[in-house]
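Student: For reference, this is model39.cif, and it has mmCIF, C-alpha atoms and all ligand atoms.
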data_protein
#
loop_
_atom_site.label_atom_id
_atom_site.label_comp_id
_atom_site.auth_asym_id
_atom_site.auth_seq_id
_atom_site.Cartn_x
_atom_site.Cartn_y
_atom_site.Cartn_z
CA MET A 1 22.12 -22.49 -109.53
CA SER A 2 25.48 -24.10 -110.06
CA PHE A 3 26.38 -27.51 -108.72
CA ASP A 4 29.92 -27.20 -109.89
CA PHE A 5 31.47 -26.14 -106.63
CA LEU A 6 34.15 -27.43 -104.37
CA THR A 7 33.10 -28.82 -101.05
CA PRO A 8 36.21 -29.20 -98.95
CA ILE A 9 36.01 -31.72 -96.19
CA GLU A 10 37.10 -30.45 -92.82
CA CYS A 11 40.43 -31.92 -91.98
CA SER A 12 41.98 -32.71 -88.63
CA MET A 13 45.23 -31.20 -89.72
CA PRO A 14 45.19 -27.61 -88.53
CA VAL A 15 48.39 -25.75 -89.12
CA HIS A 16 48.35 -24.11 -85.73
CA LYS A 17 48.06 -25.70 -82.31
CA TYR A 18 49.84 -28.76 -83.70
CA LEU A 19 49.95 -30.63 -80.46
CA SER A 20 46.93 -29.32 -78.59
CA HIS A 21 45.06 -32.61 -78.83
CA TYR A 22 47.78 -34.56 -77.08
CA SER A 23 48.19 -35.11 -73.35
CA PRO A 24 49.96 -32.50 -71.18
CA GLU A 25 52.64 -35.12 -70.43
CA LEU A 26 53.38 -35.63 -74.10
CA GLN A 27 53.39 -31.89 -74.73
CA GLN A 28 55.86 -31.46 -71.87
CA GLN A 29 58.14 -34.09 -73.42
CA VAL A 30 58.10 -32.16 -76.67
CA LYS A 31 58.83 -28.91 -74.85
CA THR A 32 61.83 -30.57 -73.22
CA LEU A 33 63.09 -31.75 -76.62
CA ILE A 34 62.77 -28.18 -77.91
CA ASP A 35 64.38 -26.61 -74.82
CA GLU A 36 67.32 -29.00 -75.06
CA ASN A 37 67.60 -28.33 -78.79
CA ARG A 38 67.10 -32.01 -79.63
CA LEU A 39 63.97 -31.91 -81.78
CA ALA A 40 65.76 -32.00 -85.15
CA GLU A 41 68.09 -34.74 -83.93
CA SER A 42 65.14 -36.81 -82.72
CA LEU A 43 63.37 -36.53 -86.07
CA LEU A 44 66.50 -37.16 -88.15
CA SER A 45 67.49 -40.23 -86.17
CA ARG A 46 64.11 -41.83 -86.82
CA TYR A 47 63.50 -40.42 -90.29
CA PRO A 48 66.92 -39.96 -91.88
CA SER A 49 65.90 -39.46 -95.51
CA THR A 50 63.25 -38.07 -97.83
CA HIS A 51 61.23 -39.65 -100.61
CA ASP A 52 61.65 -38.83 -104.29
CA ILE A 53 57.97 -38.31 -105.12
CA GLY A 54 58.63 -34.79 -106.24
CA ASN A 55 55.91 -33.96 -108.75
CA ASP A 56 52.16 -34.34 -109.27
CA GLN A 57 52.49 -37.30 -111.63
CA SER A 58 54.53 -39.39 -109.22
CA LEU A 59 52.29 -38.29 -106.35
CA ARG A 60 49.27 -39.45 -108.30
CA ASP A 61 50.90 -42.86 -108.97
CA TYR A 62 51.82 -43.17 -105.30
CA VAL A 63 48.30 -42.40 -104.02
CA PHE A 64 46.63 -44.60 -106.65
CA GLU A 65 48.82 -47.51 -105.65
CA LEU A 66 47.72 -47.09 -102.03
CA LYS A 67 44.11 -46.83 -103.14
CA ASN A 68 44.40 -50.00 -105.23
CA ASP A 69 45.93 -51.88 -102.34
CA TYR A 70 43.37 -50.93 -99.73
CA MET A 71 40.39 -49.07 -101.13
CA LYS A 72 39.86 -50.38 -104.60
CA LYS A 73 36.08 -50.34 -104.35
CA SER A 74 35.69 -46.85 -102.91
CA SER A 75 34.64 -43.87 -105.02
CA PRO A 76 36.92 -43.04 -107.93
CA LEU A 77 39.56 -40.42 -107.59
CA SER A 78 39.91 -37.90 -110.37
CA LYS A 79 42.73 -35.68 -109.21
CA VAL A 80 45.72 -35.86 -106.87
CA VAL A 81 48.06 -32.88 -106.64
CA TYR A 82 50.52 -31.08 -104.44
CA ASP A 83 49.17 -27.70 -103.42
CA ASN A 84 51.31 -24.89 -102.08
CA ARG A 85 48.34 -22.77 -100.94
CA ILE A 86 46.17 -24.97 -98.73
CA HIS A 87 48.63 -24.74 -95.85
CA VAL A 88 48.06 -21.01 -95.64
CA ILE A 89 44.57 -20.52 -97.07
CA ASN A 90 42.74 -23.56 -95.69
CA ASN A 91 44.95 -24.06 -92.68
CA ALA A 92 45.28 -27.64 -93.76
CA LEU A 93 47.96 -30.14 -94.68
CA GLY A 94 45.68 -32.16 -96.84
CA LEU A 95 42.32 -31.61 -98.38
CA HIS A 96 39.78 -33.97 -99.80
CA SER A 97 37.09 -32.32 -101.86
CA TYR A 98 34.26 -33.63 -103.88
CA VAL A 99 32.74 -31.76 -106.74
CA PRO A 100 29.13 -32.71 -107.42
CA ARG A 101 28.23 -32.56 -111.10
CA VAL A 102 24.74 -32.94 -112.45
CA GLN A 103 24.54 -35.27 -115.44
CA GLY A 104 20.96 -35.67 -116.65
CA ASN A 105 18.98 -36.61 -113.56
CA LYS A 106 22.00 -37.99 -111.71
CA VAL A 107 24.53 -36.28 -109.51
CA LYS A 108 28.03 -37.65 -109.95
CA THR A 109 30.83 -36.56 -107.68
CA LYS A 110 34.44 -36.06 -108.55
CA ASN A 111 36.88 -36.65 -105.74
CA GLU A 112 40.06 -34.64 -105.47
CA ILE A 113 42.95 -34.93 -103.06
CA ARG A 114 45.27 -32.02 -102.44
CA ILE A 115 48.41 -32.52 -100.38
CA SER A 116 50.35 -29.60 -98.98
CA SER A 117 53.69 -28.94 -100.64
CA VAL A 118 55.19 -29.26 -97.17
CA PHE A 119 55.22 -33.00 -97.94
CA LYS A 120 57.15 -32.62 -101.18
CA LYS A 121 60.43 -32.71 -99.33
CA ALA A 122 59.71 -34.99 -96.39
CA PRO A 123 60.26 -38.56 -95.23
CA GLU A 124 58.17 -41.10 -97.11
CA PRO A 125 56.26 -42.22 -93.99
CA PHE A 126 55.01 -38.63 -93.52
CA LEU A 127 53.70 -38.51 -97.08
CA LYS A 128 52.07 -41.86 -96.56
CA MET A 129 50.32 -40.64 -93.42
CA ILE A 130 48.69 -37.68 -95.17
CA ALA A 131 47.84 -39.78 -98.26
CA VAL A 132 46.17 -42.41 -96.08
CA HIS A 133 44.30 -39.69 -94.17
CA GLU A 134 42.86 -38.16 -97.32
CA LEU A 135 42.12 -41.53 -98.93
CA ALA A 136 40.17 -42.59 -95.85
CA HIS A 137 37.91 -39.58 -96.43
CA LEU A 138 36.70 -41.19 -99.67
CA LYS A 139 34.79 -43.53 -97.41
CA GLU A 140 34.50 -41.84 -94.02
CA LYS A 141 33.73 -38.13 -94.11
CA SER A 142 34.19 -37.27 -90.45
CA HIS A 143 37.04 -37.86 -88.05
CA ASP A 144 35.33 -40.58 -86.07
CA LYS A 145 36.30 -44.07 -84.90
CA ALA A 146 35.49 -45.67 -88.24
CA PHE A 147 37.71 -43.13 -89.97
CA TYR A 148 40.74 -43.83 -87.76
CA ARG A 149 40.12 -47.58 -87.97
CA LEU A 150 40.44 -47.28 -91.72
CA CYS A 151 43.62 -45.19 -91.38
CA THR A 152 45.29 -47.73 -89.10
CA HIS A 153 44.15 -50.56 -91.36
CA MET A 154 46.06 -48.95 -94.22
CA LEU A 155 48.94 -47.82 -92.03
CA PRO A 156 49.25 -49.57 -88.64
CA GLU A 157 51.60 -46.89 -87.24
CA TYR A 158 49.25 -44.10 -88.39
CA HIS A 159 48.89 -42.44 -84.97
CA GLN A 160 52.62 -42.35 -84.27
CA LEU A 161 53.21 -40.89 -87.72
CA GLU A 162 50.55 -38.22 -87.31
CA PHE A 163 52.24 -37.20 -84.08
CA ASP A 164 55.68 -37.15 -85.71
CA VAL A 165 54.38 -35.08 -88.62
CA ARG A 166 53.14 -32.53 -86.08
CA LEU A 167 56.58 -32.59 -84.44
CA TYR A 168 58.10 -31.95 -87.84
CA LEU A 169 55.81 -28.94 -88.35
CA VAL A 170 56.85 -27.55 -84.98
CA GLN A 171 60.46 -28.00 -86.07
CA LEU A 172 59.81 -26.20 -89.38
CA ASP A 173 58.16 -23.29 -87.55
CA LEU A 174 60.84 -22.95 -84.92
CA ASN A 175 64.05 -23.70 -86.74
CA GLY A 176 63.27 -24.30 -90.41
CA GLU A 177 64.12 -27.18 -92.72
CA ILE A 178 66.13 -30.19 -91.66
CA TYR A 179 66.21 -32.10 -94.98
ZN ZN B 201 40.68 -35.13 -92.34
#
Mind turning the file's structure into structure tokens?
Tutor:
Amino acid sequence: MSFDFLTPIECSMPVHKYLSHYSPELQQQVKTLIDENRLAESLLSRYPSTHDIGNDQSLRDYVFELKNDYMKKSSPLSKVVYDNRIHVINNALGLHSYVPRVQGNKVKTKNEIRISSVFKKAPEPFLKMIAVHELAHLKEKSHDKAFYRLCTHMLPEYHQLEFDVRLYLVQLDLNGEIY
């Protein structure tokens, strides 16, 4: 029996049905933005530029800095990478996995964070949102109140950003890149 397997944590970031968890009123507002062809404009006016964290090394530095600021004592992180497959294969924007390894009579886990390549060319606040989401999973495995409390502790505007990231995904699906 092998203990060297990946156990992906379920993530609240499904690729489809981006906005299904939001109120009908909010969904209607988005529909209006789309109908009036103003979605890109709305995103660009609030998020005019992209970050320059373009490779795995700089992503790793970025996520470790966040971890050091807010979650220094949580389980160690062994790997942080961009992943261009999880969007399609796992239907996820980010993935936190832990790999249990048996060492003698102890089980040690290795934590890995994978961030969809969608965030490689995106506004910095969007990258921060997904990084904070996956970091919070080091401590809170499920998407419960404690989990979101930790997210908003690290990033007070977390909920607005998660919504705007979903808007951005709708934009990408409907009309393609804007940056
Ligand atoms: Zn999650």
Student: Show me which residues sit within 12 Å of ligand ZN 201 (chain B) when counting all atoms listed in the file, and put them as JSON, numbers by chain.
Tutor: {"A": [8, 9, 10, 11, 12, 13, 14, 91, 92, 93, 94, 95, 96, 97, 113, 114, 115, 129, 130, 131, 132, 133, 134, 135, 136, 137, 138, 139, 140, 141, 142, 143, 144, 147, 148, 151, 162]}
Student: Looking at all atoms listed in the file, which of A:Ile34, A:Val170, A:Gln27, A:Met154 is the one that sits closest to A:Asn68?
Tutor: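 Nearest to A:Asn68: A:Met154.
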Student: Which residue out of A:Lys110, A:Arg101, A:Lys67, A:Lys120 has the minimum interatomic distance to A:Asp83 when only C-alpha atoms are used?
Tutor: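 Smallest distance to A:Asp83 is found for A:Lys120.
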Student: Calculate how many Å separate atom CA of A:Asn111 from atom CA of A:Val165, rounding to one decimal.
Tutor: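 Between these atoms lies a distance of 24.5 Å.
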Student: What does the distance between atom CA of A:Phe126 and atom CA of A:Leu161 come to in Å, to one decimal place?
Tutor: 6.5 Å
Student: N, CA and C atoms for stretch 88-124 of chain A, written as a compact mmCIF listing (two decimals), in the frame of the given file, could you do that?
Tutor:
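For reference, part.txt as written:
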# COMPACT_ATOMS: atom_id res chain seq x y z
N VAL A 88 48.32 -22.37 -96.09
CA VAL A 88 48.06 -21.01 -95.64
C VAL A 88 46.57 -20.67 -95.70
N ILE A 89 45.96 -20.96 -96.86
CA ILE A 89 44.57 -20.52 -97.07
C ILE A 89 43.57 -21.37 -96.29
N ASN A 90 43.71 -22.69 -96.36
CA ASN A 90 42.74 -23.56 -95.69
C ASN A 90 43.22 -24.03 -94.33
N ASN A 91 44.41 -23.61 -93.95
CA ASN A 91 44.95 -24.06 -92.68
C ASN A 91 44.98 -25.58 -92.60
N ALA A 92 45.32 -26.19 -93.72
CA ALA A 92 45.28 -27.64 -93.76
C ALA A 92 46.53 -28.21 -94.41
N LEU A 93 46.82 -29.44 -94.07
CA LEU A 93 47.96 -30.14 -94.68
C LEU A 93 47.51 -31.00 -95.84
N GLY A 94 46.25 -31.38 -95.77
CA GLY A 94 45.68 -32.16 -96.84
C GLY A 94 44.23 -31.78 -96.97
N LEU A 95 43.70 -31.98 -98.15
CA LEU A 95 42.32 -31.61 -98.38
C LEU A 95 41.69 -32.64 -99.29
N HIS A 96 40.54 -33.12 -98.90
CA HIS A 96 39.78 -33.97 -99.80
C HIS A 96 38.52 -33.20 -100.18
N SER A 97 38.31 -33.00 -101.46
CA SER A 97 37.09 -32.32 -101.86
C SER A 97 36.31 -33.17 -102.82
N TYR A 98 35.03 -32.98 -102.84
CA TYR A 98 34.26 -33.63 -103.88
C TYR A 98 33.43 -32.59 -104.61
N VAL A 99 33.43 -32.73 -105.89
CA VAL A 99 32.74 -31.76 -106.74
C VAL A 99 31.51 -32.44 -107.33
N PRO A 100 30.34 -32.09 -106.84
CA PRO A 100 29.13 -32.71 -107.42
C PRO A 100 28.85 -32.14 -108.80
N ARG A 101 28.57 -33.01 -109.74
CA ARG A 101 28.23 -32.56 -111.10
C ARG A 101 26.92 -33.21 -111.51
N VAL A 102 26.03 -32.40 -112.02
CA VAL A 102 24.74 -32.94 -112.45
C VAL A 102 24.86 -33.43 -113.88
N GLN A 103 24.54 -34.71 -114.08
CA GLN A 103 24.54 -35.27 -115.44
C GLN A 103 23.17 -35.89 -115.66
N GLY A 104 22.34 -35.21 -116.46
CA GLY A 104 20.96 -35.67 -116.65
C GLY A 104 20.23 -35.55 -115.32
N ASN A 105 19.66 -36.67 -114.85
CA ASN A 105 18.98 -36.61 -113.56
C ASN A 105 19.82 -37.23 -112.44
N LYS A 106 21.11 -37.42 -112.73
CA LYS A 106 22.00 -37.99 -111.71
C LYS A 106 23.02 -36.97 -111.23
N VAL A 107 23.44 -37.11 -110.00
CA VAL A 107 24.53 -36.28 -109.51
C VAL A 107 25.75 -37.17 -109.33
N LYS A 108 26.79 -36.89 -110.10
CA LYS A 108 28.03 -37.65 -109.95
C LYS A 108 29.04 -36.77 -109.22
N THR A 109 29.84 -37.38 -108.38
CA THR A 109 30.83 -36.56 -107.68
C THR A 109 32.23 -36.90 -108.15
N LYS A 110 33.03 -35.87 -108.21
CA LYS A 110 34.44 -36.06 -108.55
C LYS A 110 35.26 -35.82 -107.29
N ASN A 111 36.05 -36.79 -106.93
CA ASN A 111 36.88 -36.65 -105.74
C ASN A 111 38.27 -36.13 -106.09
N GLU A 112 38.72 -35.19 -105.28
CA GLU A 112 40.06 -34.64 -105.47
C GLU A 112 40.82 -34.68 -104.15
N ILE A 113 42.09 -34.98 -104.25
CA ILE A 113 42.95 -34.93 -103.06
C ILE A 113 44.06 -33.92 -103.31
N ARG A 114 44.18 -32.99 -102.38
CA ARG A 114 45.27 -32.02 -102.44
C ARG A 114 46.16 -32.23 -101.23
N ILE A 115 47.44 -32.30 -101.46
CA ILE A 115 48.41 -32.52 -100.38
C ILE A 115 49.35 -31.34 -100.32
N SER A 116 49.51 -30.79 -99.14
CA SER A 116 50.35 -29.60 -98.98
C SER A 116 51.77 -29.86 -99.48
N SER A 117 52.32 -28.85 -100.13
CA SER A 117 53.69 -28.94 -100.64
C SER A 117 54.72 -29.16 -99.54
N VAL A 118 54.31 -28.95 -98.30
CA VAL A 118 55.19 -29.26 -97.17
C VAL A 118 55.70 -30.71 -97.27
N PHE A 119 54.87 -31.59 -97.86
CA PHE A 119 55.22 -33.00 -97.94
C PHE A 119 56.06 -33.36 -99.16
N LYS A 120 56.34 -32.36 -99.99
CA LYS A 120 57.15 -32.62 -101.18
C LYS A 120 58.56 -33.03 -100.81
N LYS A 121 59.10 -32.35 -99.82
CA LYS A 121 60.43 -32.71 -99.33
C LYS A 121 60.27 -33.17 -97.89
N ALA A 122 59.98 -34.44 -97.72
CA ALA A 122 59.71 -34.99 -96.39
C ALA A 122 59.98 -36.49 -96.42
N PRO A 123 60.09 -37.10 -95.26
CA PRO A 123 60.26 -38.56 -95.23
C PRO A 123 59.03 -39.26 -95.84
N GLU A 124 59.27 -40.38 -96.45
CA GLU A 124 58.17 -41.10 -97.11
C GLU A 124 57.04 -41.47 -96.14
